[in-house]
Amino acid sequence: MGRKNEPPPIKGKVQLVKADGEVVHGVHLIAAPGHSYAHSAVLFASGSDQLVHMGDVANLVTGLQYPDWSIIFDYDSAQAIKTRKSVLDRVATDRTLVMGYHFPFPAVGHVERFKGAYRWNPADWTW
């Protein structure tokens, strides 16, 4: 079949991108291991505008309030916690717009530092 962590027969039909690499112009992977073996967040950039799709770096807003907690679904709890703190610190410092899979609607907003952890500031949403 192949070596460990090598894709099956589709290998010749896909282009693999390393973590922290550019997928296409304006789309970059950010290594975010811990939740899964090769978990990545995705940075979308256009001019000075940026959005980081955190994927499962933080599950629910609870992951912001308690960044030292791990969930049962984390592949490597210690690494997930380290990654979570790093990514949350980055997006809070840079005031980057973020999106999280399991965040409340609209799932887009900003992460802010709050009382030694973080809090969610959702984007305004109007129909």
# chains A, B, ... in the order shown; residues from 1 in each chain; ligands from 1
>>> closest_atom_pairs(of="segment 49-114 of chain A", to="segment 120-126 of chain A", cutoff="7 Å", atoms="only C-alpha atoms", output="JSON lines")
{"residue": "A:Val61", "atom": "CA", "partner": "A:Trp120", "partner_atom": "CA", "distance": 6.5}
{"residue": "A:Val108", "atom": "CA", "partner": "A:Ala123", "partner_atom": "CA", "distance": 5.7}
{"residue": "A:Gly109", "atom": "CA", "partner": "A:Pro122", "partner_atom": "CA", "distance": 4.1}
{"residue": "A:His110", "atom": "CA", "partner": "A:Asn121", "partner_atom": "CA", "distance": 5.1}
{"residue": "A:Val111", "atom": "CA", "partner": "A:Trp120", "partner_atom": "CA", "distance": 5.1}
{"residue": "A:Glu112", "atom": "CA", "partner": "A:Trp120", "partner_atom": "CA", "distance": 6.5}
>>> closest_residue(among="A:Val27, A:Ile10, A:Val57, A:Val42", to="Asp74 of chain A", atoms="only C-alpha atoms")
A:Val57
>>> closest_residue(among="A:Pro9, A:Ala92, A:Gly34, A:Val23", to="Ala80 of chain A", atoms="only C-alpha atoms")
A:Gly34
>>> select_by_dssp(residues="segment 2-107 of chain A", states="strand (DSSP E or B)", output="list in words")
Glu22, Val23, Val24, Val27, His28, Leu29, Ile30, Ala31, Ser40, Ala41, Val42, Leu43, Phe44, Ala45, Ser46, Asp49, Gln50, Leu51, Val52, His53, Leu97, Val98 and Met99 of chain A
>>> residues_around(residues="Arg90 of chain A", least_positions_apart="5", cutoff="12 Å", atoms="only C-alpha atoms", output="list in words")
Ile30, Leu43, Val52, Met54, Thr83, Arg84, Lys85, Arg95, Thr96, Leu97, Val98, His110, Val111, Glu112, Arg113 and Tyr118 of chain A
>>> closest_residue(among="A:Ser77, A:Ser46, A:Asn59, A:Gln15", to="Gly100 of chain A", atoms="only C-alpha atoms")
A:Asn59
>>> select_by_dssp(residues="chain A", states="alpha helix (DSSP H)", output="PyMOL selection string")
chain A and resi 62-65+77-94
>>> closest_residue(among="A:Phe114, A:Phe103, A:Asp68, A:Asp76", to="Asp56 of chain A", atoms="only C-alpha atoms")
A:Phe103
>>> atom_distance(atom1="atom CA of Tyr75 of chain A", atom2="atom CA of His102 of chain A")
17.6 Å
>>> decode(residues="segment 21-35 of chain A", atoms="all heavy atoms", output="CSV table (one decimal), in the first residue's frame")
chain,number,residue,atom,x,y,z
A,21,GLY,N,2.4,26.5,4.2
A,21,GLY,CA,2.7,26.7,2.8
A,21,GLY,C,1.6,27.5,2.1
A,21,GLY,O,0.4,27.5,2.6
A,22,GLU,N,1.8,28.0,0.9
A,22,GLU,CA,0.8,28.7,0.2
A,22,GLU,C,0.1,27.7,-0.7
A,22,GLU,O,0.8,26.9,-1.5
A,22,GLU,CB,1.4,29.8,-0.7
A,22,GLU,CG,0.4,30.6,-1.4
A,22,GLU,CD,1.0,31.8,-2.1
A,22,GLU,OE1,2.0,31.6,-2.9
A,22,GLU,OE2,0.5,32.9,-1.9
A,23,VAL,N,-1.2,27.6,-0.7
A,23,VAL,CA,-2.0,26.7,-1.6
A,23,VAL,C,-2.1,27.3,-2.9
A,23,VAL,O,-1.7,26.7,-4.0
A,23,VAL,CB,-3.3,26.4,-0.9
A,23,VAL,CG1,-4.2,25.5,-1.8
A,23,VAL,CG2,-3.2,25.8,0.4
A,24,VAL,N,-2.6,28.5,-3.0
A,24,VAL,CA,-2.7,29.4,-4.2
A,24,VAL,C,-2.5,30.8,-3.7
A,24,VAL,O,-2.6,31.1,-2.4
A,24,VAL,CB,-4.0,29.2,-4.9
A,24,VAL,CG1,-4.2,27.8,-5.5
A,24,VAL,CG2,-5.2,29.6,-4.1
A,25,HIS,N,-2.4,31.7,-4.6
A,25,HIS,CA,-2.1,33.1,-4.1
A,25,HIS,C,-3.3,33.6,-3.2
A,25,HIS,O,-4.4,33.4,-3.5
A,25,HIS,CB,-2.1,34.1,-5.4
A,25,HIS,CG,-1.9,35.5,-5.0
A,25,HIS,ND1,-0.7,36.0,-4.5
A,25,HIS,CD2,-2.8,36.5,-5.0
A,25,HIS,CE1,-0.8,37.3,-4.3
A,25,HIS,NE2,-2.1,37.6,-4.5
A,26,GLY,N,-2.9,34.0,-2.0
A,26,GLY,CA,-3.8,34.5,-1.0
A,26,GLY,C,-4.4,33.5,-0.1
A,26,GLY,O,-5.2,33.8,0.8
A,27,VAL,N,-4.0,32.2,-0.3
A,27,VAL,CA,-4.5,31.1,0.6
A,27,VAL,C,-3.3,30.4,1.2
A,27,VAL,O,-2.6,29.8,0.4
A,27,VAL,CB,-5.5,30.2,-0.2
A,27,VAL,CG1,-5.9,29.1,0.8
A,27,VAL,CG2,-6.6,30.9,-0.8
A,28,HIS,N,-3.2,30.4,2.5
A,28,HIS,CA,-2.0,29.8,3.2
A,28,HIS,C,-2.5,28.9,4.2
A,28,HIS,O,-3.4,29.2,5.0
A,28,HIS,CB,-1.1,30.9,3.8
A,28,HIS,CG,-0.6,31.9,2.9
A,28,HIS,ND1,0.6,31.9,2.3
A,28,HIS,CD2,-1.2,33.1,2.4
A,28,HIS,CE1,0.8,32.9,1.5
A,28,HIS,NE2,-0.3,33.6,1.5
A,29,LEU,N,-1.8,27.7,4.4
A,29,LEU,CA,-2.0,26.8,5.5
A,29,LEU,C,-1.2,27.3,6.7
A,29,LEU,O,-0.1,27.7,6.5
A,29,LEU,CB,-1.6,25.4,5.1
A,29,LEU,CG,-2.5,24.7,4.0
A,29,LEU,CD1,-2.0,23.3,3.8
A,29,LEU,CD2,-3.9,24.7,4.4
A,30,ILE,N,-1.8,27.2,7.9
A,30,ILE,CA,-1.1,27.4,9.1
A,30,ILE,C,-1.1,26.1,9.9
A,30,ILE,O,-2.2,25.5,10.2
A,30,ILE,CB,-1.9,28.5,10.0
A,30,ILE,CG1,-2.0,29.8,9.2
A,30,ILE,CG2,-1.2,28.7,11.3
A,30,ILE,CD1,-2.9,30.8,9.8
A,31,ALA,N,0.1,25.6,10.1
A,31,ALA,CA,0.2,24.3,10.9
A,31,ALA,C,-0.5,24.5,12.2
A,31,ALA,O,-0.3,25.5,13.0
A,31,ALA,CB,1.6,23.9,11.1
A,32,ALA,N,-1.4,23.6,12.5
A,32,ALA,CA,-2.2,23.7,13.8
A,32,ALA,C,-2.4,22.2,14.3
A,32,ALA,O,-3.6,21.8,14.5
A,32,ALA,CB,-3.5,24.4,13.5
A,33,PRO,N,-1.4,21.5,14.5
A,33,PRO,CA,-1.5,20.1,15.0
A,33,PRO,C,-2.1,20.0,16.4
A,33,PRO,O,-2.0,20.9,17.2
A,33,PRO,CB,-0.1,19.6,14.9
A,33,PRO,CG,0.8,20.8,15.2
A,33,PRO,CD,0.0,21.9,14.5
A,34,GLY,N,-2.6,18.8,16.6
A,34,GLY,CA,-3.1,18.5,18.0
A,34,GLY,C,-4.5,18.0,17.9
A,34,GLY,O,-4.8,16.9,18.5
A,35,HIS,N,-5.4,18.7,17.3
A,35,HIS,CA,-6.7,18.2,17.2
A,35,HIS,C,-6.7,16.9,16.3
A,35,HIS,O,-7.4,15.9,16.6
A,35,HIS,CB,-7.7,19.2,16.6
A,35,HIS,CG,-9.1,18.7,16.4
A,35,HIS,ND1,-9.9,18.4,17.5
A,35,HIS,CD2,-9.8,18.4,15.3
A,35,HIS,CE1,-11.1,18.0,17.1
A,35,HIS,NE2,-11.0,18.0,15.7
